[in-house]
$ cat final-v1.txt   # compact mmCIF, C-alpha atoms and all ligand atoms
# COMPACT_ATOMS: atom_id res chain seq x y z
CA MET A 1 106.80 78.18 83.87
CA PRO A 2 108.77 80.21 81.28
CA ASP A 3 106.90 83.25 79.94
CA ASP A 4 107.34 82.11 76.34
CA ILE A 5 105.27 78.92 76.85
CA HIS A 6 101.49 78.90 76.94
CA PHE A 7 100.67 76.08 79.36
CA TYR A 8 97.22 74.73 80.13
CA GLU A 9 95.48 71.65 81.46
CA PRO A 10 92.58 70.90 79.07
CA ALA A 11 90.23 69.98 81.91
CA ASN A 12 90.54 73.59 83.14
CA GLY A 13 90.22 75.28 79.73
CA HIS A 14 92.81 76.36 77.18
CA GLY A 15 92.64 80.13 77.79
CA LEU A 16 92.84 80.92 74.06
CA PRO A 17 90.25 82.27 71.60
CA HIS A 18 90.00 78.78 70.04
CA ASP A 19 90.99 75.34 71.24
CA PRO A 20 94.28 74.64 69.43
CA PHE A 21 94.19 70.85 69.91
CA ASN A 22 92.84 69.94 66.48
CA ALA A 23 95.14 72.32 64.68
CA ILE A 24 98.19 71.04 66.57
CA VAL A 25 97.47 67.42 65.65
CA GLY A 26 97.24 68.24 61.98
CA PRO A 27 97.00 68.23 59.13
CA ARG A 28 95.14 64.95 59.24
CA PRO A 29 93.85 62.84 56.37
CA ILE A 30 90.12 62.56 56.04
CA GLY A 31 88.21 59.38 56.70
CA TRP A 32 85.44 59.67 54.17
CA ILE A 33 83.29 56.83 55.37
CA SER A 34 80.47 55.11 53.53
CA SER A 35 78.11 52.83 55.42
CA GLN A 36 74.58 51.57 55.17
CA ASP A 37 71.82 50.75 57.60
CA ALA A 38 70.16 47.36 58.03
CA ASP A 39 67.70 48.22 55.22
CA GLY A 40 70.48 49.16 52.81
CA ARG A 41 70.02 52.95 53.05
CA LEU A 42 73.32 54.59 52.21
CA ASN A 43 75.32 57.03 54.30
CA LEU A 44 78.50 58.97 53.58
CA ALA A 45 80.32 61.32 55.98
CA PRO A 46 83.79 62.83 56.55
CA TYR A 47 85.75 62.12 59.74
CA SER A 48 89.05 63.86 60.46
CA PHE A 49 89.77 61.92 63.64
CA PHE A 50 90.99 59.27 61.28
CA ASN A 51 94.16 57.31 60.68
CA ALA A 52 95.84 53.96 59.99
CA PHE A 53 96.85 51.83 62.97
CA ASN A 54 98.32 48.58 61.70
CA TYR A 55 100.12 47.19 58.68
CA ILE A 56 99.45 43.43 58.69
CA PRO A 57 96.54 43.18 58.67
CA PRO A 58 95.89 46.76 57.61
CA ILE A 59 93.65 48.42 60.17
CA ILE A 60 92.19 51.91 59.98
CA GLY A 61 90.00 53.77 62.42
CA PHE A 62 87.99 56.91 63.00
CA SER A 63 86.31 58.53 65.94
CA SER A 64 82.66 59.47 66.15
CA VAL A 65 82.36 62.43 68.50
CA GLY A 66 78.82 61.75 69.60
CA ARG A 67 76.55 59.00 68.36
CA LYS A 68 76.20 59.56 64.61
CA ASP A 69 74.58 57.69 61.74
CA SER A 70 77.87 56.14 60.58
CA LEU A 71 78.44 54.62 64.02
CA ASN A 72 74.87 53.33 64.24
CA ASN A 73 75.12 51.75 60.79
CA ILE A 74 78.51 50.19 61.35
CA GLU A 75 77.49 48.74 64.70
CA ARG A 76 74.61 46.99 62.97
CA THR A 77 76.27 45.82 59.77
CA GLY A 78 79.92 45.42 60.85
CA GLU A 79 81.12 47.00 57.60
CA PHE A 80 82.22 50.31 56.16
CA ALA A 81 84.25 51.67 53.27
CA TRP A 82 86.88 54.40 53.37
CA ASN A 83 87.19 56.67 50.34
CA LEU A 84 90.07 58.98 49.54
CA ALA A 85 88.93 62.61 49.55
CA THR A 86 90.83 64.53 46.90
CA ARG A 87 90.84 68.23 46.26
CA PRO A 88 88.40 68.06 43.31
CA LEU A 89 85.98 66.22 45.64
CA ALA A 90 86.30 68.73 48.53
CA GLU A 91 82.99 70.47 47.91
CA GLN A 92 81.07 67.21 47.77
CA MET A 93 82.90 65.91 50.83
CA ASN A 94 81.78 69.03 52.69
CA GLN A 95 78.18 68.51 51.63
CA CYS A 96 78.32 65.05 53.19
CA SER A 97 78.94 66.58 56.63
CA ALA A 98 75.47 68.16 56.70
CA MET A 99 73.50 67.17 59.77
CA VAL A 100 70.63 65.39 58.06
CA PRO A 101 68.28 62.61 59.20
CA PRO A 102 69.51 59.01 58.85
CA GLU A 103 67.22 58.37 55.88
CA VAL A 104 68.95 61.04 53.78
CA ASN A 105 71.40 59.46 51.35
CA GLU A 106 74.50 61.69 51.22
CA PHE A 107 75.56 60.09 47.92
CA GLU A 108 72.42 61.64 46.39
CA LEU A 109 72.76 64.83 48.42
CA SER A 110 76.25 65.47 47.09
CA GLY A 111 75.78 64.06 43.58
CA LEU A 112 78.18 61.16 44.05
CA THR A 113 77.90 57.68 42.59
CA PRO A 114 77.85 54.53 44.73
CA ALA A 115 80.01 51.80 43.20
CA ALA A 116 79.51 48.20 44.29
CA SER A 117 82.20 46.84 46.57
CA LYS A 118 83.61 43.39 45.97
CA VAL A 119 83.86 41.89 49.46
CA ILE A 120 81.47 43.94 51.61
CA GLN A 121 77.90 45.05 50.98
CA VAL A 122 78.60 48.77 51.53
CA PRO A 123 79.34 50.64 48.28
CA ARG A 124 82.34 52.89 47.79
CA VAL A 125 82.46 56.34 46.13
CA ALA A 126 82.97 55.79 42.40
CA GLU A 127 84.52 59.26 41.94
CA SER A 128 87.22 58.62 44.56
CA PRO A 129 90.47 57.17 43.18
CA VAL A 130 91.19 54.97 46.21
CA SER A 131 88.83 53.02 48.47
CA PHE A 132 89.22 50.46 51.23
CA GLU A 133 86.55 47.90 52.02
CA CYS A 134 86.59 47.33 55.78
CA LYS A 135 85.17 44.89 58.28
CA VAL A 136 84.84 46.13 61.84
CA THR A 137 87.31 44.73 64.32
CA GLN A 138 86.52 46.81 67.42
CA ILE A 139 84.27 49.65 68.50
CA ILE A 140 85.64 51.24 71.63
CA GLN A 141 83.84 53.84 73.67
CA LEU A 142 86.45 56.37 74.80
CA GLN A 143 87.02 57.21 78.43
CA ARG A 144 88.80 59.74 80.58
CA ALA A 145 91.91 58.93 82.60
CA ASP A 146 89.68 58.38 85.64
CA GLY A 147 87.74 55.68 83.77
CA ASN A 148 84.58 57.72 83.16
CA VAL A 149 83.30 57.10 79.65
CA VAL A 150 82.68 59.95 77.22
CA PRO A 151 80.18 59.97 74.32
CA SER A 152 82.82 59.26 71.66
CA TRP A 153 83.56 56.00 69.92
CA LEU A 154 86.67 54.77 68.10
CA ILE A 155 85.66 52.51 65.21
CA LEU A 156 88.42 50.22 63.96
CA GLY A 157 88.21 48.07 60.88
CA GLU A 158 90.37 45.64 58.98
CA VAL A 159 90.92 46.60 55.36
CA VAL A 160 89.78 43.50 53.48
CA ALA A 161 89.89 44.90 49.95
CA VAL A 162 91.62 47.82 48.24
CA HIS A 163 90.72 49.72 45.05
CA ILE A 164 93.38 51.99 43.49
CA ALA A 165 92.87 53.92 40.26
CA LYS A 166 95.70 52.82 38.00
CA TRP A 167 96.75 56.40 37.18
CA LEU A 168 98.03 56.51 40.76
CA LEU A 169 100.39 53.61 40.14
CA LYS A 170 103.63 54.76 38.46
CA ASP A 171 105.58 51.66 37.40
CA GLY A 172 103.59 49.78 40.02
CA VAL A 173 104.49 52.18 42.83
CA TYR A 174 101.73 54.11 44.57
CA ASP A 175 102.40 57.72 43.66
CA THR A 176 102.17 59.48 47.00
CA PRO A 177 103.77 62.75 45.76
CA SER A 178 100.91 63.24 43.33
CA PHE A 179 98.88 63.79 46.48
CA ASN A 180 99.53 67.45 46.48
CA SER A 181 95.86 67.13 45.68
CA HIS A 182 95.23 64.94 48.70
CA LEU A 183 92.72 66.42 51.11
CA ALA A 184 93.89 66.90 54.65
CA ILE A 185 92.50 69.03 57.40
CA LYS A 186 93.49 71.00 60.43
CA GLY A 187 91.25 72.61 62.99
CA TRP A 188 87.94 70.99 62.11
CA GLY A 189 86.83 71.01 65.73
CA VAL A 190 87.06 74.78 66.02
CA ARG A 191 85.03 75.42 62.94
CA HIS A 192 82.51 72.74 63.84
CA ARG A 193 81.87 74.00 67.34
CA ARG A 194 81.57 77.55 66.08
CA GLY A 195 78.65 76.40 63.97
CA ARG A 196 80.17 77.20 60.62
CA THR A 197 80.13 73.70 59.16
CA ASP A 198 77.60 74.66 56.52
CA SER A 199 79.95 77.20 55.03
CA ALA A 200 81.82 75.04 52.59
CA ARG A 201 83.87 77.88 51.22
CA ARG A 202 85.11 79.08 54.59
CA ARG A 203 85.78 75.56 55.78
CA ALA A 204 87.60 74.64 52.61
CA SER A 205 90.00 77.50 53.18
CA GLY A 206 91.39 75.62 56.19
CA LEU A 207 91.38 72.16 54.66
CA PHE A 208 94.63 72.06 52.80
CA PRO A 209 98.18 71.84 54.06
CA ALA A 210 100.48 74.67 52.98
CA GLY A 211 101.56 74.25 49.40
CA ALA A 212 98.83 71.77 48.51
C1 LIG B 301 86.24 67.85 57.36
C2 LIG B 301 85.33 67.32 58.42
C3 LIG B 301 85.84 66.46 59.37
C4 LIG B 301 85.00 65.92 60.36
N1 LIG B 301 85.52 65.08 61.30
C5 LIG B 301 84.71 64.52 62.23
C6 LIG B 301 85.24 63.60 63.19
O1 LIG B 301 86.41 63.26 63.22
N2 LIG B 301 84.38 63.06 64.09
C7 LIG B 301 83.05 63.40 64.10
O2 LIG B 301 82.31 62.87 64.94
N3 LIG B 301 82.53 64.27 63.19
C8 LIG B 301 83.32 64.82 62.27
N4 LIG B 301 82.81 65.69 61.34
C9 LIG B 301 81.37 65.98 61.36
C10 LIG B 301 80.60 64.87 60.67
O3 LIG B 301 81.00 64.72 59.32
C11 LIG B 301 79.10 65.24 60.72
O4 LIG B 301 78.67 65.25 62.07
C12 LIG B 301 78.26 64.31 59.89
O5 LIG B 301 76.93 64.82 59.86
C13 LIG B 301 78.20 62.92 60.46
O6 LIG B 301 77.46 62.14 59.55
P1 LIG B 301 76.71 60.82 59.93
O7 LIG B 301 75.74 61.14 61.05
O8 LIG B 301 76.01 60.48 58.64
O9 LIG B 301 77.74 59.80 60.33
C14 LIG B 301 83.63 66.26 60.37
C15 LIG B 301 83.14 67.16 59.42
C16 LIG B 301 83.98 67.68 58.46
C17 LIG B 301 83.43 68.63 57.43
$ encode --input "final-v1.txt" --output "structure tokens"
Amino acid sequence: MPDDIHFYEPANGHGLPHDPFNAIVGPRPIGWISSQDADGRLNLAPYSFFNAFNYIPPIIGFSSVGRKDSLNNIERTGEFAWNLATRPLAEQMNQCSAMVPPEVNEFELSGLTPAASKVIQVPRVAESPVSFECKVTQIIQLQRADGNVVPSWLILGEVVAVHIAKWLLKDGVYDTPSFNSHLAIKGWGVRHRRGRTDSARRRASGLFPAGA
């Protein structure tokens, strides 16, 4: 092994002050996921193990590391909404990651407004300029290479309706470059495991890609 390469096998530890995995696979967009329980109680939480996986039909997914309220809700209702987290919404997005009981409504907690969706029952975030209404397609419990399951779940959903604020459409083209303000994240796992998730300011300092 050349001296200029740090090599490790994750099962045996990374040998560094912090696990670099999350930061290497980054920056990632945020899955800001709204859901509701069977009684209609609302939930909103950020997920950075998030991405798009198919074009036609559009499918997005996120991973719940541990059994969380979003997963429980989505298993029961089969629906969720994704909301674009923009820089002006970063503070409120952070507040939604608080570990609170299922009955706490993170829309209220963070001062955000639920807006009725058109196809699904779950509301979207009115303040967010883009939202997807999604119906669950698969919920997959993750497993190791040896087949042993781990307490993480990949939740995949078909995007059945899309809301785009018109200021993001320039001559009908979605204006991706204007997403210098788009919220992306690297290294969430490190900060989360180090117990600093309630420090919005510190966390926010690592949220944005260079130049954003
Ligand atoms: C920026 C950010 C990204 C996060 N990404 C994830 C993630 O990918 N998976 C996960 O399980 N938790 C993630 N979390 C933590 C959850 O947001 C947190 O556990 C939250 O309380 C879950 O809410 P829920 O129980 O209402 O679903 C993230 C937190 C922050 C602040």
$ residues_near_ligand --input "final-v1.txt" --ligand "ligand LIG 301 (chain B)" --cutoff "7 Å" --atoms "only C-alpha atoms and all ligand atoms" --output "MDAnalysis selection string"
chainID A and resid 30 43:50 62:66 68:71 94 96:100 102 185 188 197
$ closest_residue --input "final-v1.txt" --among "A:Val125, A:Ile120, A:Ile33, A:Ile59" --to "Trp82 of chain A" --atoms "all atoms listed in the file"
A:Ile33
$ residues_around --input "final-v1.txt" --residues "Asn72 of chain A" --least-positions-apart "2" --cutoff "10 Å" --atoms "all atoms listed in the file" --output "list in words"
Ser35, Gln36, Asp37, Ala38, Arg67, Lys68, Asp69, Ser70, Ile74, Glu75, Arg76, Thr77, Gly78 and Pro102 of chain A
$ closest_residue --input "final-v1.txt" --among "A:Leu42, A:Ala52, A:Met1, A:Ala81" --to "Val162 of chain A" --atoms "only C-alpha atoms"
A:Ala81
$ closest_residue --input "final-v1.txt" --among "A:Ile5, A:Leu89, A:Ala126, A:Ile60" --to "Glu158 of chain A" --atoms "all atoms listed in the file"
A:Ile60
$ atom_distance --input "final-v1.txt" --atom1 "atom CA of Ser131 of chain A" --atom2 "atom CA of Asn105 of chain A"
18.8 Å
$ atom_distance --input "final-v1.txt" --atom1 "atom CA of Pro88 of chain A" --atom2 "atom CA of Gly61 of chain A"
23.9 Å
$ atom_distance --input "final-v1.txt" --atom1 "atom CA of Leu84 of chain A" --atom2 "atom CA of Pro29 of chain A"
8.7 Å
$ closest_residue --input "final-v1.txt" --among "A:Gln92, A:Asn54, A:Gln143, A:Gln121" --to "Glu108 of chain A" --atoms "only C-alpha atoms"
A:Gln92
$ build_atoms --input "final-v1.txt" --residues "segment 76-102 of chain A" --atoms "N, CA and C atoms" --output "compact mmCIF listing (two decimals), in the frame of the given file"
# COMPACT_ATOMS: atom_id res chain seq x y z
N ARG A 76 75.60 47.98 63.39
CA ARG A 76 74.61 46.99 62.97
C ARG A 76 75.13 46.07 61.88
N THR A 77 75.89 46.63 60.94
CA THR A 77 76.27 45.82 59.77
C THR A 77 77.69 45.27 59.87
N GLY A 78 78.54 45.89 60.71
CA GLY A 78 79.92 45.42 60.85
C GLY A 78 80.81 45.75 59.65
N GLU A 79 80.34 46.68 58.81
CA GLU A 79 81.12 47.00 57.60
C GLU A 79 81.12 48.50 57.32
N PHE A 80 82.20 48.94 56.69
CA PHE A 80 82.22 50.31 56.16
C PHE A 80 83.28 50.39 55.07
N ALA A 81 83.20 51.43 54.27
CA ALA A 81 84.25 51.67 53.27
C ALA A 81 84.87 53.04 53.54
N TRP A 82 86.17 53.12 53.29
CA TRP A 82 86.88 54.40 53.37
C TRP A 82 87.17 54.84 51.94
N ASN A 83 86.98 56.14 51.69
CA ASN A 83 87.19 56.67 50.34
C ASN A 83 88.14 57.85 50.42
N LEU A 84 89.11 57.88 49.53
CA LEU A 84 90.07 58.98 49.54
C LEU A 84 89.39 60.27 49.08
N ALA A 85 89.49 61.30 49.91
CA ALA A 85 88.93 62.61 49.55
C ALA A 85 90.03 63.41 48.88
N THR A 86 89.83 63.74 47.63
CA THR A 86 90.83 64.53 46.90
C THR A 86 90.31 65.96 46.74
N ARG A 87 91.22 66.82 46.36
CA ARG A 87 90.84 68.23 46.26
C ARG A 87 89.63 68.47 45.35
N PRO A 88 89.58 67.83 44.17
CA PRO A 88 88.40 68.06 43.31
C PRO A 88 87.09 67.59 43.97
N LEU A 89 87.19 66.73 44.99
CA LEU A 89 85.98 66.22 45.64
C LEU A 89 85.67 66.97 46.93
N ALA A 90 86.44 68.04 47.23
CA ALA A 90 86.30 68.73 48.53
C ALA A 90 84.89 69.26 48.76
N GLU A 91 84.32 69.87 47.74
CA GLU A 91 82.99 70.47 47.91
C GLU A 91 81.96 69.40 48.25
N GLN A 92 82.03 68.29 47.52
CA GLN A 92 81.07 67.21 47.77
C GLN A 92 81.32 66.56 49.13
N MET A 93 82.59 66.45 49.50
CA MET A 93 82.90 65.91 50.83
C MET A 93 82.28 66.79 51.91
N ASN A 94 82.38 68.10 51.73
CA ASN A 94 81.78 69.03 52.69
C ASN A 94 80.27 68.84 52.78
N GLN A 95 79.65 68.68 51.63
CA GLN A 95 78.18 68.51 51.63
C GLN A 95 77.77 67.28 52.44
N CYS A 96 78.63 66.29 52.46
CA CYS A 96 78.32 65.05 53.19
C CYS A 96 78.37 65.22 54.70
N SER A 97 78.88 66.38 55.18
CA SER A 97 78.94 66.58 56.63
C SER A 97 77.67 67.23 57.16
N ALA A 98 76.72 67.52 56.26
CA ALA A 98 75.47 68.16 56.70
C ALA A 98 74.77 67.28 57.73
N MET A 99 74.23 67.93 58.76
CA MET A 99 73.50 67.17 59.77
C MET A 99 72.09 66.90 59.25
N VAL A 100 71.92 65.74 58.68
CA VAL A 100 70.63 65.39 58.06
C VAL A 100 70.12 64.10 58.69
N PRO A 101 68.83 63.83 58.60
CA PRO A 101 68.28 62.61 59.20
C PRO A 101 68.90 61.36 58.57
N PRO A 102 68.87 60.24 59.32
CA PRO A 102 69.51 59.01 58.85
C PRO A 102 69.02 58.56 57.48
